[in-house]
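File shown: entry_31.cif (mmCIF, C-alpha atoms).
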data_protein
loop_
_atom_site.label_atom_id
_atom_site.label_comp_id
_atom_site.auth_asym_id
_atom_site.auth_seq_id
_atom_site.Cartn_x
_atom_site.Cartn_y
_atom_site.Cartn_z
CA MET B 11 -3.07 201.45 -3.38
CA LEU B 12 -0.22 202.76 -1.33
CA PHE B 13 2.98 201.95 -3.12
CA MET B 14 5.10 199.12 -4.30
CA ARG B 15 8.83 199.06 -4.42
CA ALA B 16 11.30 196.67 -5.88
CA VAL B 17 12.09 193.61 -3.89
CA ALA B 18 14.54 192.03 -6.28
CA GLY B 19 17.94 193.32 -7.24
CA LYS B 20 18.71 196.01 -9.74
CA ARG B 21 17.86 194.72 -13.17
CA PRO B 22 20.81 194.70 -15.49
CA LYS B 23 20.75 196.10 -18.98
CA GLN B 24 17.63 195.19 -20.88
CA ALA B 25 17.65 192.78 -23.74
CA SER B 26 17.52 194.36 -27.14
CA ARG B 27 16.41 192.84 -30.38
CA GLY B 28 19.11 191.27 -32.44
CA GLY B 29 21.61 190.61 -29.69
CA VAL B 30 21.00 190.55 -25.98
CA ARG B 31 23.77 190.84 -23.48
CA LEU B 32 22.64 188.99 -20.46
CA GLU B 33 26.00 188.17 -18.90
CA ALA B 34 25.40 190.56 -16.02
CA GLN B 35 22.05 188.96 -15.40
CA ARG B 36 23.61 185.54 -15.10
CA SER B 37 25.69 186.54 -12.12
CA ALA B 38 23.19 188.88 -10.49
CA ALA B 39 21.29 186.28 -8.53
CA ALA B 40 24.04 183.72 -8.29
CA ALA B 41 25.89 185.55 -5.52
CA ALA B 42 22.78 185.96 -3.41
CA GLU B 43 22.54 184.12 -0.15
CA PRO B 44 19.32 183.48 1.76
CA ALA B 45 18.67 186.00 4.50
CA THR B 46 15.76 184.07 5.84
CA GLN B 47 17.53 181.85 8.39
CA SER B 48 17.92 184.49 11.07
CA MET B 49 14.89 186.49 10.04
CA THR B 50 11.66 186.94 12.00
CA ILE B 51 8.33 188.00 10.56
CA ARG B 52 5.99 189.67 13.03
CA PRO B 53 3.39 192.43 13.25
CA VAL B 54 4.85 195.93 13.22
CA ARG B 55 5.54 197.63 16.55
CA ALA B 56 5.76 201.31 17.40
CA ALA B 57 9.53 200.96 17.73
CA ASP B 58 9.78 199.79 14.09
CA ILE B 59 8.16 202.84 12.55
CA ALA B 60 11.32 204.95 12.50
CA GLN B 61 13.04 202.22 10.45
CA VAL B 62 9.98 201.83 8.21
CA ILE B 63 10.04 205.57 7.52
CA ALA B 64 13.78 205.44 6.84
CA LEU B 65 13.45 202.46 4.46
CA ASP B 66 10.58 204.10 2.62
CA GLU B 67 12.57 207.31 2.31
CA GLN B 68 15.57 205.36 1.04
CA VAL B 69 13.44 203.71 -1.63
CA THR B 70 11.12 206.56 -2.62
CA GLY B 71 13.37 209.52 -1.83
CA LEU B 72 10.59 211.09 0.19
CA ALA B 73 10.20 211.07 3.99
CA LYS B 74 6.56 210.61 5.05
CA PRO B 75 6.59 210.26 8.85
CA ASP B 76 2.98 211.36 9.41
CA TYR B 77 1.75 209.00 6.75
CA TRP B 78 3.49 205.97 8.27
CA GLN B 79 2.50 206.90 11.81
CA GLY B 80 -1.09 207.12 10.62
CA LEU B 81 -0.90 203.73 8.94
CA PHE B 82 0.61 202.24 12.07
CA GLN B 83 -2.25 203.61 14.19
CA ARG B 84 -4.79 202.24 11.75
CA TYR B 85 -3.26 198.82 11.17
CA SER B 86 -2.28 198.08 14.76
CA ARG B 87 -5.67 198.58 16.42
CA PRO B 88 -6.39 195.52 18.57
CA SER B 89 -9.89 195.29 17.09
CA GLN B 90 -8.44 195.11 13.61
CA THR B 91 -8.30 191.51 12.47
CA GLU B 92 -8.24 191.87 8.71
CA GLN B 93 -5.49 194.45 8.24
CA PHE B 94 -1.89 193.33 8.34
CA PHE B 95 1.30 195.36 8.65
CA LEU B 96 4.14 192.86 8.95
CA VAL B 97 7.86 193.43 9.23
CA ALA B 98 10.87 191.22 8.56
CA VAL B 99 13.55 191.82 11.16
CA ALA B 100 16.94 190.35 11.98
CA PRO B 101 18.64 190.42 15.38
CA ASP B 102 21.18 193.20 15.72
CA GLY B 103 22.77 193.00 19.14
CA ALA B 104 20.13 193.81 21.70
CA SER B 105 17.82 195.32 19.11
CA GLU B 106 16.49 194.38 15.68
CA THR B 107 17.18 195.64 12.20
CA LEU B 108 14.32 196.05 9.74
CA LEU B 109 14.85 194.11 6.51
CA GLY B 110 11.50 194.83 4.92
CA PHE B 111 7.78 195.19 5.44
CA ILE B 112 4.46 194.38 3.83
CA LEU B 113 0.96 195.81 4.22
CA GLY B 114 -2.34 194.39 3.16
CA GLU B 115 -5.91 193.91 4.15
CA VAL B 116 -9.03 191.96 3.37
CA ARG B 117 -11.46 193.99 1.29
CA ALA B 118 -14.94 192.89 0.37
CA TRP B 119 -17.29 193.59 -2.51
CA GLU B 120 -15.33 196.39 -4.08
CA PHE B 121 -15.52 196.20 -7.85
CA GLY B 122 -18.01 193.41 -7.32
CA SER B 123 -15.34 191.17 -5.88
CA ALA B 124 -15.96 188.61 -3.16
CA PRO B 125 -13.73 189.19 -0.11
CA CYS B 126 -10.06 188.93 -1.00
CA GLY B 127 -6.71 189.97 0.41
CA TRP B 128 -5.07 193.02 -1.13
CA VAL B 129 -1.35 193.62 -0.83
CA PHE B 130 -0.89 197.39 -0.85
CA ALA B 131 2.76 197.87 -0.06
CA LEU B 132 5.92 195.82 -0.01
CA SER B 133 9.47 197.02 0.44
CA VAL B 134 12.80 195.35 1.11
CA ARG B 135 16.05 197.01 2.03
CA ALA B 136 18.30 197.37 -1.01
CA ASP B 137 21.15 195.38 0.52
CA GLN B 138 18.79 192.53 1.44
CA ARG B 139 17.23 191.96 -1.96
CA LEU B 140 17.48 188.67 -3.86
CA ARG B 141 17.77 186.88 -0.53
CA GLY B 142 14.21 185.67 -0.10
CA VAL B 143 12.97 188.42 2.23
CA GLY B 144 10.19 189.60 -0.09
CA GLN B 145 8.98 186.07 -0.72
CA VAL B 146 8.82 185.27 2.99
CA LEU B 147 6.88 188.48 3.62
CA LEU B 148 4.48 187.64 0.80
CA ASP B 149 4.01 184.10 2.10
CA ALA B 150 3.39 185.46 5.59
CA ILE B 151 0.66 187.85 4.53
CA ALA B 152 -0.86 185.14 2.31
CA GLY B 153 -1.09 183.00 5.45
CA LYS B 154 -2.82 185.84 7.30
CA PHE B 155 -5.31 186.26 4.47
CA ARG B 156 -5.95 182.53 4.42
CA SER B 157 -6.58 182.56 8.17
CA SER B 158 -9.07 185.36 7.61
CA GLY B 159 -11.04 183.07 5.36
CA VAL B 160 -10.25 184.50 1.95
CA ALA B 161 -9.05 182.34 -0.89
CA LYS B 162 -7.61 184.97 -3.18
CA MET B 163 -4.79 187.47 -2.89
CA ARG B 164 -4.48 190.46 -5.23
CA THR B 165 -2.19 193.36 -5.84
CA MET B 166 -1.63 195.98 -8.51
CA VAL B 167 1.68 196.70 -10.21
CA ALA B 168 2.67 199.42 -12.64
CA ARG B 169 3.11 197.83 -16.05
CA GLY B 170 6.56 199.37 -16.34
CA ASN B 171 7.75 198.05 -12.99
CA GLN B 172 9.26 194.91 -14.37
CA LEU B 173 11.18 193.97 -11.23
CA LEU B 174 8.08 193.88 -9.12
CA MET B 175 6.15 192.09 -11.85
CA LEU B 176 8.88 189.45 -12.01
CA PHE B 177 8.73 189.05 -8.25
CA PHE B 178 4.97 188.57 -8.05
CA ARG B 179 4.90 186.31 -11.11
CA ALA B 180 7.66 184.17 -9.65
CA GLY B 181 5.57 183.95 -6.49
CA GLY B 182 2.78 182.35 -8.49
CA MET B 183 0.60 185.41 -9.09
CA VAL B 184 -1.08 185.68 -12.48
CA SER B 185 -3.30 188.20 -14.27
CA GLY B 186 -6.67 188.48 -12.58
CA PRO B 187 -10.12 188.97 -14.05
CA TYR B 188 -10.13 192.77 -13.59
CA MET B 189 -8.65 195.45 -15.76
CA GLU B 190 -7.62 198.80 -14.31
CA LEU B 191 -9.00 201.72 -16.31
CA GLU B 192 -8.34 205.42 -15.97
CA LYS B 193 -9.24 208.74 -17.53
CA ASP B 194 -7.30 211.96 -17.74
CA LEU B 195 -9.43 214.65 -16.03
CA ARG B 196 -7.36 217.69 -16.89
CA MET M 16 -1.56 186.42 -29.90
CA LYS M 17 0.58 184.22 -32.05
CA LEU M 18 4.34 183.77 -31.85
CA GLN M 19 6.63 182.88 -34.70
CA ILE M 20 7.90 179.31 -34.79
CA SER M 21 11.44 180.38 -33.93
CA SER M 22 10.28 182.21 -30.82
CA ARG M 23 8.25 179.24 -29.65
CA LEU M 24 11.13 176.93 -30.41
CA ALA M 25 13.56 179.09 -28.46
CA ILE M 26 11.28 179.01 -25.41
CA PHE M 27 10.78 175.24 -25.67
CA ALA M 28 14.50 174.63 -26.19
CA VAL M 29 15.44 176.69 -23.13
CA LEU M 30 12.86 174.81 -21.06
CA GLU M 31 14.35 171.52 -22.24
CA LEU M 32 17.84 172.68 -21.33
CA LEU M 33 16.64 173.85 -17.92
CA ALA M 34 15.16 170.41 -17.33
CA HIS M 35 18.54 168.78 -18.01
CA PRO M 36 21.10 171.11 -16.41
CA ASP M 37 23.68 168.35 -16.00
CA ARG M 38 23.65 167.28 -19.66
CA GLN M 39 24.68 168.63 -23.02
CA LEU M 40 21.46 168.28 -24.99
CA PRO M 41 21.80 167.52 -28.73
CA VAL M 42 19.54 169.50 -31.06
CA GLY M 43 18.23 166.22 -32.45
CA GLU M 44 16.77 165.31 -29.09
CA ILE M 45 14.96 168.63 -28.72
CA GLY M 46 13.92 168.69 -32.38
CA ALA M 47 12.42 165.22 -32.20
CA LYS M 48 10.15 166.21 -29.35
CA TYR M 49 8.76 169.26 -31.16
CA GLY M 50 8.86 167.86 -34.66
CA VAL M 51 11.27 170.39 -36.15
CA SER M 52 14.33 169.90 -38.27
CA ASN M 53 17.81 169.99 -36.79
CA HIS M 54 18.64 172.70 -39.27
CA HIS M 55 15.90 175.03 -38.03
CA LEU M 56 16.68 174.30 -34.40
CA ALA M 57 20.40 174.84 -34.93
CA LYS M 58 19.65 178.32 -36.29
CA VAL M 59 17.58 179.11 -33.20
CA MET M 60 20.30 177.77 -30.89
CA ASN M 61 22.85 179.87 -32.72
CA VAL M 62 20.86 183.02 -31.94
CA LEU M 63 20.51 181.98 -28.31
CA GLY M 64 24.25 181.32 -28.20
CA ARG M 65 25.07 184.75 -29.58
CA ALA M 66 22.83 186.22 -26.88
CA GLY M 67 24.88 184.42 -24.22
CA LEU M 68 22.01 182.21 -23.15
CA VAL M 69 23.30 178.81 -24.27
CA ARG M 70 26.71 177.31 -24.84
CA SER M 71 27.55 174.36 -27.02
CA ALA M 72 30.06 171.55 -26.88
CA ARG M 73 31.08 169.62 -29.98
CA GLY M 74 31.85 165.98 -30.41
CA VAL M 75 30.51 162.80 -28.87
CA GLY M 76 28.17 163.66 -26.00
CA GLY M 77 28.12 167.24 -27.23
CA GLY M 78 25.13 169.51 -27.38
CA TYR M 79 23.74 172.59 -25.69
CA GLN M 80 23.48 173.80 -22.12
CA PHE M 81 21.64 176.81 -20.76
CA CYS M 82 24.11 179.28 -19.29
CA GLY M 83 21.89 182.30 -18.63
CA ASN M 84 20.17 183.29 -15.43
CA PRO M 85 16.73 181.62 -15.60
CA ARG M 86 15.38 184.00 -12.98
CA ARG M 87 16.34 187.05 -14.98
CA THR M 88 15.63 185.90 -18.53
CA THR M 89 12.07 186.74 -19.49
CA LEU M 90 9.92 185.36 -22.26
CA LEU M 91 10.11 188.81 -23.85
CA ASP M 92 13.93 188.62 -23.84
CA LEU M 93 13.72 185.36 -25.79
CA ILE M 94 10.95 186.39 -28.16
CA GLU M 95 12.57 189.69 -29.10
CA LEU M 96 15.61 187.82 -30.34
CA PHE M 97 13.42 186.56 -33.17
CA GLU M 98 10.59 188.99 -33.76
CA GLN M 99 9.19 192.39 -32.96
CA LEU M 100 5.91 192.24 -31.11
CA GLY M 101 2.88 194.35 -31.79
CA PRO M 102 1.89 196.89 -34.40
CA GLY M 103 5.08 198.96 -34.07
CA GLU M 104 5.41 202.65 -33.43
CA ARG M 105 3.69 203.78 -36.60
CA GLU M 106 1.04 202.68 -39.00
CA GLU M 107 3.17 203.11 -42.10
CA GLY M 108 2.19 200.89 -44.95
CA GLN M 109 -1.00 199.79 -43.27
CA LEU M 110 -4.42 200.01 -44.87
CA GLY M 111 -5.95 203.42 -44.14
CA GLU M 112 -2.60 204.97 -43.22
CA GLY M 113 -2.93 208.66 -42.35
CA THR M 114 -6.64 208.56 -41.58
CA ASP M 115 -8.16 209.37 -38.19
CA GLU M 116 -9.72 205.94 -38.20
CA ALA M 117 -6.36 204.23 -38.66
CA ARG M 118 -4.83 206.33 -35.90
CA ALA M 119 -7.67 205.45 -33.54
CA LEU M 120 -7.29 201.77 -34.35
CA HIS M 121 -3.56 202.04 -33.91
CA ARG M 122 -4.03 203.43 -30.38
CA VAL M 123 -6.15 200.43 -29.46
CA LEU M 124 -3.61 198.02 -30.91
CA ARG M 125 -0.83 199.78 -29.02
CA GLU M 126 -2.77 199.32 -25.79
CA ILE M 127 -3.08 195.60 -26.46
CA ASP M 128 0.58 195.45 -27.38
CA ASP M 129 1.62 197.20 -24.15
CA VAL M 130 -0.27 194.66 -22.08
CA ALA M 131 1.22 191.75 -24.03
CA ARG M 132 4.74 193.10 -23.65
CA ALA M 133 4.28 193.73 -19.94
CA THR M 134 2.99 190.20 -19.48
CA LEU M 135 5.77 188.54 -21.43
CA GLY M 136 8.33 190.76 -19.76
CA SER M 137 7.11 189.75 -16.32
CA ILE M 138 7.46 186.01 -16.74
CA THR M 139 10.93 184.55 -16.49
CA ILE M 140 11.91 181.24 -17.93
CA ALA M 141 12.26 179.99 -14.33
CA THR M 142 8.68 181.03 -13.62
CA LEU M 143 7.46 179.31 -16.78
CA TYR M 144 9.39 176.22 -15.75
CA LYS M 145 7.58 176.28 -12.44
CA TYR M 146 4.21 176.53 -14.24
CA LEU M 147 5.29 173.52 -16.25
CA GLU M 148 6.38 171.68 -13.14
CA ARG M 149 3.07 172.42 -11.47
CA HIS M 150 0.92 171.32 -14.39
CA ALA M 151 2.91 168.71 -16.29
CA ALA M 152 2.73 165.01 -15.58
CA GLY M 153 5.97 163.28 -14.68
CA ALA M 154 8.75 164.27 -12.31
CA PRO M 155 10.98 167.09 -13.42
CA HIS M 156 14.69 167.10 -12.84
CA SER M 157 15.60 168.04 -9.29
CA ALA M 158 18.51 170.26 -10.27
CA ALA M 159 16.26 172.19 -12.62
CA ARG M 160 13.81 172.58 -9.79
CA ALA M 161 16.61 174.06 -7.69
CA ALA M 162 17.56 176.42 -10.50
CA ALA M 163 14.03 177.71 -10.65
CA GLN M 164 13.82 178.43 -6.92
CA GLU M 165 12.77 181.89 -5.91
CA PRO M 166 14.94 184.63 -4.44
#
Full structure transcribed into structure tokens:
Amino acid sequence: MLFMRAVAGKRPKQASRGGVRLEAQRSAAAAAEPATQSMTIRPVRAADIAQVIALDEQVTGLAKPDYWQGLFQRYSRPSQTEQFFLVAVAPDGASETLLGFILGEVRAWEFGSAPCGWVFALSVRADQRLRGVGQVLLDAIAGKFRSSGVAKMRTMVARGNQLLMLFFRAGGMVSGPYMELEKDLR
Amino acid sequence: MKLQISSRLAIFAVLELLAHPDRQLPVGEIGAKYGVSNHHLAKVMNVLGRAGLVRSARGVGGGYQFCGNPRRTTLLDLIELFEQLGPGEREEGQLGEGTDEARALHRVLREIDDVARATLGSITIATLYKYLERHAAGAPHSAARAAAQEP
């Protein structure tokens, strides 16, 4: 698993027992406008990587240029037909602006699972959230998985990452048959 | 897991209101469908109103309307208006309190509770409405369908 970052907007104050205050939540999504009309989804290109690195740094607070260059090399090999690194871009004069990206690949027989598509990373620019970019990216990679012959798409989300959980749930994803287990080795 | 009647009723009532966004829905109409008294339902609606999730109009044609954000209101938000989920932070007052066995059991119950909370906190009322739309017979209201659209 690489990473997952929020694709929706900042979640307003949490509900608390005995009296929620959800007024802020009511208006959060209402002002959003779809960004998808002028958006293109396509495989990542070398020229996109600088923006991918910048977006990742913006979201995670950590610049990882070597890591992203390495992923680009691995995911963009012509022989690679079951790994997908897609970007959402919008025209910006003569060039394009990155709105978000998604990475995933078909994996087979791990954990006893029949081949399925795994979404490893998904990120959307903060000022583009709640505008449908994440959903379009997810739909696009689902289409790629489907074309690869798999009938199931999976991902893993930190239990505490409610925004991302809301996003995937809203996209129709539900709990799968596996349970992640871990052990402290210190 | 089992939810209290008020929690279930709150979820059902909000789903009903979402299905009729252009109407003020009387409690009697919702209550009749789920076989609960107007009195019980009114109490539930009152809690939802105080939470800013529904608003009411009095008089002829009066009733309730959902006024929250269906894409940001989770099942956990609704449920926690009426009950506290899980075994709680401590095992006070429980059989075996203070024993290693009770503490071990408590850790397991906490783990289950964490998963339940994460699940309920990840499903919005709009998402539940879409499940309903996908699986229920009959055509849902188009405006409600629009309200449940994804970002």
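Atom CA of Leu113 of chain B lies 11.6 Å from atom CA of Val62 of chain B.
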Apply the PyMOL selection byres ((chain M) within 12 of (chain B)) to the file shown and report the selected residues as a VMD selection string. chain M and resid 61 to 69 81 to 100 126 128 to 146 149 162 to 166
For the atom pair atom CA of Ala64 of chain B and atom CA of Tyr77 of chain B, what is the interatomic distance in Å to one decimal place?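 Between atom CA of Ala64 of chain B and atom CA of Tyr77 of chain B the gap works out to 12.5 Å.
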For segment 47-53 of chain B, please output as JSON, numbers by chain all residues within 10 Å (counting only C-alpha atoms; exclusion window: fewer than 2 positions along the same chain). {"B": [44, 45, 55, 58, 85, 86, 94, 95, 96, 97, 98, 99, 100, 101, 106, 107, 108, 109, 110, 111, 112, 113, 142, 143, 146, 147, 150, 151]}
Using the selection just defined, write its residues with C-alpha atoms as a short mmCIF file (atom, residue, chain, number, x, y, z; two decimals), in the coordinates of the input.
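See result-v4.cif below for the written result:
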data_model
loop_
_atom_site.label_atom_id
_atom_site.label_comp_id
_atom_site.auth_asym_id
_atom_site.auth_seq_id
_atom_site.Cartn_x
_atom_site.Cartn_y
_atom_site.Cartn_z
CA PRO B 44 19.32 183.48 1.76
CA ALA B 45 18.67 186.00 4.50
CA ARG B 55 5.54 197.63 16.55
CA ASP B 58 9.78 199.79 14.09
CA TYR B 85 -3.26 198.82 11.17
CA SER B 86 -2.28 198.08 14.76
CA PHE B 94 -1.89 193.33 8.34
CA PHE B 95 1.30 195.36 8.65
CA LEU B 96 4.14 192.86 8.95
CA VAL B 97 7.86 193.43 9.23
CA ALA B 98 10.87 191.22 8.56
CA VAL B 99 13.55 191.82 11.16
CA ALA B 100 16.94 190.35 11.98
CA PRO B 101 18.64 190.42 15.38
CA GLU B 106 16.49 194.38 15.68
CA THR B 107 17.18 195.64 12.20
CA LEU B 108 14.32 196.05 9.74
CA LEU B 109 14.85 194.11 6.51
CA GLY B 110 11.50 194.83 4.92
CA PHE B 111 7.78 195.19 5.44
CA ILE B 112 4.46 194.38 3.83
CA LEU B 113 0.96 195.81 4.22
CA GLY B 142 14.21 185.67 -0.10
CA VAL B 143 12.97 188.42 2.23
CA VAL B 146 8.82 185.27 2.99
CA LEU B 147 6.88 188.48 3.62
CA ALA B 150 3.39 185.46 5.59
CA ILE B 151 0.66 187.85 4.53
#
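With all atoms listed in the file as the atoms that count, the minimum distance from Met166 of chain B to the choices B:Ala131, B:Arg196, B:Thr91, B:Asp137 is reached by B:Ala131.
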Near Met60 of chain M, counting only C-alpha atoms, which residues have an atom at most 12 Å away, once you skip same-chain residues fewer than 6 positions from it, shown as a short mmCIF file (atom, residue, chain, number, x, y, z; two decimals) with C-alpha atoms, keeping the file's coordinate frame?
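This is the output file around.cif:
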data_model
loop_
_atom_site.label_atom_id
_atom_site.label_comp_id
_atom_site.auth_asym_id
_atom_site.auth_seq_id
_atom_site.Cartn_x
_atom_site.Cartn_y
_atom_site.Cartn_z
CA SER M 21 11.44 180.38 -33.93
CA SER M 22 10.28 182.21 -30.82
CA LEU M 24 11.13 176.93 -30.41
CA ALA M 25 13.56 179.09 -28.46
CA ILE M 26 11.28 179.01 -25.41
CA PHE M 27 10.78 175.24 -25.67
CA ALA M 28 14.50 174.63 -26.19
CA VAL M 29 15.44 176.69 -23.13
CA LEU M 32 17.84 172.68 -21.33
CA LEU M 40 21.46 168.28 -24.99
CA PRO M 41 21.80 167.52 -28.73
CA VAL M 42 19.54 169.50 -31.06
CA GLY M 43 18.23 166.22 -32.45
CA ILE M 45 14.96 168.63 -28.72
CA GLY M 46 13.92 168.69 -32.38
CA ASN M 53 17.81 169.99 -36.79
CA HIS M 54 18.64 172.70 -39.27
CA ALA M 66 22.83 186.22 -26.88
CA GLY M 67 24.88 184.42 -24.22
CA LEU M 68 22.01 182.21 -23.15
CA VAL M 69 23.30 178.81 -24.27
CA ARG M 70 26.71 177.31 -24.84
CA SER M 71 27.55 174.36 -27.02
CA GLY M 78 25.13 169.51 -27.38
CA TYR M 79 23.74 172.59 -25.69
CA GLN M 80 23.48 173.80 -22.12
CA PHE M 81 21.64 176.81 -20.76
CA LEU M 93 13.72 185.36 -25.79
CA LEU M 96 15.61 187.82 -30.34
CA PHE M 97 13.42 186.56 -33.17
#
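Separating atom CA of Ala72 of chain M from atom CA of Gln39 of chain M is a distance of 7.2 Å.
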Selection: 8 Å around Met163 of chain B, only C-alpha atoms, excl. self and same-chain fewer than 5 positions, as JSON, numbers by chain: {"B": [126, 127, 128, 129, 152, 155]}
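Proximity to Ile59 of chain B was assessed for B:Gly153, B:Pro75, B:Gly122, B:Pro187 counting all atoms listed in the file; the smallest distance is recorded for B:Pro75.
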Excluding Asp76 of chain B and residues on its chain fewer than 3 positions from it, collect all residues at most 12 Å away from it, counting all atoms listed in the file, and give them as a PDB file with C-alpha atoms, in the frame of the given file.
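part-v8.pdb, freshly written:
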ATOM      1  CA  ILE B  59       8.160 202.840  12.550  1.00  0.00           C
ATOM      2  CA  ALA B  60      11.320 204.950  12.500  1.00  0.00           C
ATOM      3  CA  VAL B  62       9.980 201.830   8.210  1.00  0.00           C
ATOM      4  CA  ILE B  63      10.040 205.570   7.520  1.00  0.00           C
ATOM      5  CA  LEU B  72      10.590 211.090   0.190  1.00  0.00           C
ATOM      6  CA  ALA B  73      10.200 211.070   3.990  1.00  0.00           C
ATOM      7  CA  GLN B  79       2.500 206.900  11.810  1.00  0.00           C
ATOM      8  CA  GLY B  80      -1.090 207.120  10.620  1.00  0.00           C
ATOM      9  CA  LEU B  81      -0.900 203.730   8.940  1.00  0.00           C
ATOM     10  CA  PHE B  82       0.610 202.240  12.070  1.00  0.00           C
ATOM     11  CA  GLN B  83      -2.250 203.610  14.190  1.00  0.00           C
TER      12      GLN B  83
END
Please put the answer as AutoDock Vina command-line options: centre and edge lengths, in Å with one decimal, of a box along x, y and z that encloses all listed atoms of segment 167-177 of chain B plus 5 Å on each side.
--center_x 6.4 --center_y 194.2 --center_z -12.3 --size_x 19.5 --size_y 20.4 --size_z 18.1
